[in-house]
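Data file: work-v7.cif. Format and content: mmCIF, C-alpha atoms.
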data_upload
#
loop_
_atom_site.label_atom_id
_atom_site.label_comp_id
_atom_site.auth_asym_id
_atom_site.auth_seq_id
_atom_site.Cartn_x
_atom_site.Cartn_y
_atom_site.Cartn_z
CA ALA A 20 12.54 8.46 -10.24
CA VAL A 21 9.14 6.84 -10.66
CA CYS A 22 6.40 7.24 -8.07
CA VAL A 23 3.31 5.02 -7.98
CA THR A 24 0.33 5.88 -5.80
CA ARG A 25 -1.98 3.10 -4.67
CA GLY A 26 -4.63 5.02 -2.74
CA GLU A 27 -5.45 3.34 0.54
CA ARG A 28 -2.67 0.79 -0.11
CA GLY A 29 0.11 3.40 0.05
CA ALA A 30 2.73 4.45 -2.47
CA SER A 31 6.10 3.46 -3.89
CA MET A 32 9.05 5.29 -5.36
CA THR A 33 11.84 3.74 -7.37
CA THR A 34 15.09 5.51 -8.19
CA THR A 35 18.28 4.25 -9.77
CA SER A 36 19.57 3.36 -6.31
CA SER A 37 16.52 2.41 -4.21
CA ASN A 38 12.95 1.21 -4.04
CA VAL A 39 10.81 2.53 -1.17
CA ASP A 40 7.29 1.38 -0.30
CA VAL A 41 5.07 2.94 2.34
CA ALA A 42 1.78 1.59 3.66
CA GLY A 43 -1.48 3.44 3.34
CA VAL A 44 -2.74 5.65 6.12
CA GLY A 45 -6.08 3.98 6.77
CA ALA A 46 -8.10 7.20 6.89
CA ASP A 47 -11.89 7.09 7.03
CA THR A 48 -12.94 8.25 3.59
CA SER A 49 -16.53 6.96 3.76
CA ASN A 50 -17.93 10.51 3.85
CA GLY A 51 -15.14 11.95 1.74
CA ASP A 52 -14.36 12.48 -1.89
CA PRO A 53 -11.27 11.22 -3.73
CA VAL A 54 -11.32 14.22 -6.10
CA GLY A 55 -8.14 16.18 -5.51
CA ALA A 56 -6.32 13.49 -3.51
CA GLY A 57 -3.85 12.79 -6.33
CA ASP A 58 -3.07 16.47 -6.78
CA ALA A 59 -2.69 16.80 -3.00
CA PHE A 60 -0.26 13.86 -3.01
CA VAL A 61 1.91 15.44 -5.73
CA ALA A 62 1.89 18.83 -4.01
CA ALA A 63 2.91 17.31 -0.66
CA LEU A 64 5.58 15.16 -2.30
CA THR A 65 7.01 18.22 -4.05
CA HIS A 66 6.92 20.19 -0.79
CA GLN A 67 9.03 17.52 0.90
CA LEU A 68 11.37 17.23 -2.09
CA VAL A 69 12.10 20.97 -1.97
CA ARG A 70 12.76 20.65 1.78
CA GLY A 71 15.38 17.98 1.04
CA SER A 72 13.54 15.14 2.78
CA ASP A 73 14.43 11.51 2.20
CA ILE A 74 12.14 9.34 0.06
CA GLN A 75 10.51 7.59 3.03
CA THR A 76 9.55 10.92 4.61
CA MET A 77 8.32 12.33 1.29
CA LEU A 78 6.03 9.36 0.69
CA GLN A 79 4.69 9.21 4.25
CA PHE A 80 3.90 12.94 4.29
CA ALA A 81 2.28 12.83 0.84
CA ASN A 82 0.17 9.80 1.81
CA ARG A 83 -1.05 11.47 4.98
CA TYR A 84 -1.92 14.69 3.20
CA ALA A 85 -3.75 12.94 0.34
CA ALA A 86 -5.72 10.86 2.87
CA LEU A 87 -6.71 14.00 4.74
CA VAL A 88 -7.97 15.57 1.50
CA ALA A 89 -9.77 12.37 0.45
CA ALA A 90 -11.59 12.25 3.80
CA ARG A 91 -13.34 15.55 2.94
CA ARG A 92 -15.79 16.55 0.25
CA GLY A 93 -14.51 18.58 -2.69
CA ALA A 94 -11.20 18.94 -4.44
CA MET A 95 -9.91 21.71 -2.16
CA PRO A 96 -11.29 21.18 1.34
CA VAL A 97 -10.59 23.70 4.06
CA LEU A 98 -8.06 22.26 6.51
CA ALA A 99 -7.45 23.65 9.98
CA PRO A 100 -3.87 24.60 10.92
CA SER A 101 -3.99 21.95 13.66
CA GLU A 102 -4.78 19.27 11.06
CA LEU A 103 -1.84 20.35 8.95
CA ALA A 104 0.45 20.34 12.01
CA GLU A 105 -0.51 16.69 12.64
CA LEU A 106 0.92 15.72 9.24
CA ASN A 107 4.49 15.98 10.45
CA VAL A 108 6.18 12.64 10.00
#

As structure tokens - that is how I would like this structure written.
Amino acid sequence: AVCVTRGERGASMTTTSSNVDVAGVGADTSNGDPVGAGDAFVAALTHQLVRGSDIQTMLQFANRYAALVAARRGAMPVLAPSELAELNV
């Protein structure tokens, strides 16, 4: 599989049997910092892969998590449990 991230424009994943595109989240990142967003995306994607999620769910979850990280300053922002609970797709 090949996964392409496009920041605010979403992400795509292509496998031998499918091509899935998801739209960006539209988070307000004006006071944020994109450092760490790519790592957050990969971590969230892997989390969903291990859970056995379908590609659409994996990409949506990873996009939402990366946007949440990008909306904060620093590579590892502190996230409240309630914010993480809102990521459920």

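Among the candidates A:Val54, A:Gln79, A:Ala20, A:Val61, the residue lying nearest to Asp40 of chain A is A:Gln79 (atoms considered: all atoms listed in the file).
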
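Across A:Gly71, A:Gly57, A:Gly26, A:Gly51, the tightest approach to Arg91 of chain A is made by A:Gly51 when counting only C-alpha atoms.
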
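Taking atom CA of Val39 of chain A and atom CA of Ser101 of chain A as endpoints, the distance between them is 28.6 Å.
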
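By only C-alpha atoms, and with residues fewer than 5 positions from Ala62 of chain A along its chain excluded, the set lying at most 10 Å from it is Ala56, Gly57, Gln67, Leu68, Ala81, Tyr84 and Ala85 of chain A.
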
Same residues, C-alpha atoms, output as a short mmCIF file (atom, residue, chain, number, x, y, z; two decimals), keeping the file's coordinate frame:
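Okay, selection.cif is ready:
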data_model
loop_
_atom_site.label_atom_id
_atom_site.label_comp_id
_atom_site.auth_asym_id
_atom_site.auth_seq_id
_atom_site.Cartn_x
_atom_site.Cartn_y
_atom_site.Cartn_z
CA ALA A 56 -6.32 13.49 -3.51
CA GLY A 57 -3.85 12.79 -6.33
CA GLN A 67 9.03 17.52 0.90
CA LEU A 68 11.37 17.23 -2.09
CA ALA A 81 2.28 12.83 0.84
CA TYR A 84 -1.92 14.69 3.20
CA ALA A 85 -3.75 12.94 0.34
#

(request) Using the chain letters and numbering of this document, enumerate as number ranges by chain the residues selected by the PyMOL selection byres ((chain A and resi 27) around 8). (result) A: 25-26, 28-29, 43-46, 86

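Going from atom CA of Thr65 of chain A over to atom CA of Asp52 of chain A, you cover 22.2 Å.
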
(request) Expand the PyMOL selection byres ((chain A and resi 93) around 12) into the individual residues it matches in the shown file, reporting them as an NGL selection string. (result) :A and (50-56 or 59 or 87-92 or 94-98)

(request) Identify all residues satisfying the PyMOL selection byres ((chain A and resi 38) around 10) in the given file; provide them as a ChimeraX atom specification. (result) /A:20-22,31-37,39-40,74-75

(message) Using Å and a single decimal, report how far atom CA of Ala30 of chain A sits from atom CA of Pro100 of chain A.
(response) 25.1 Å
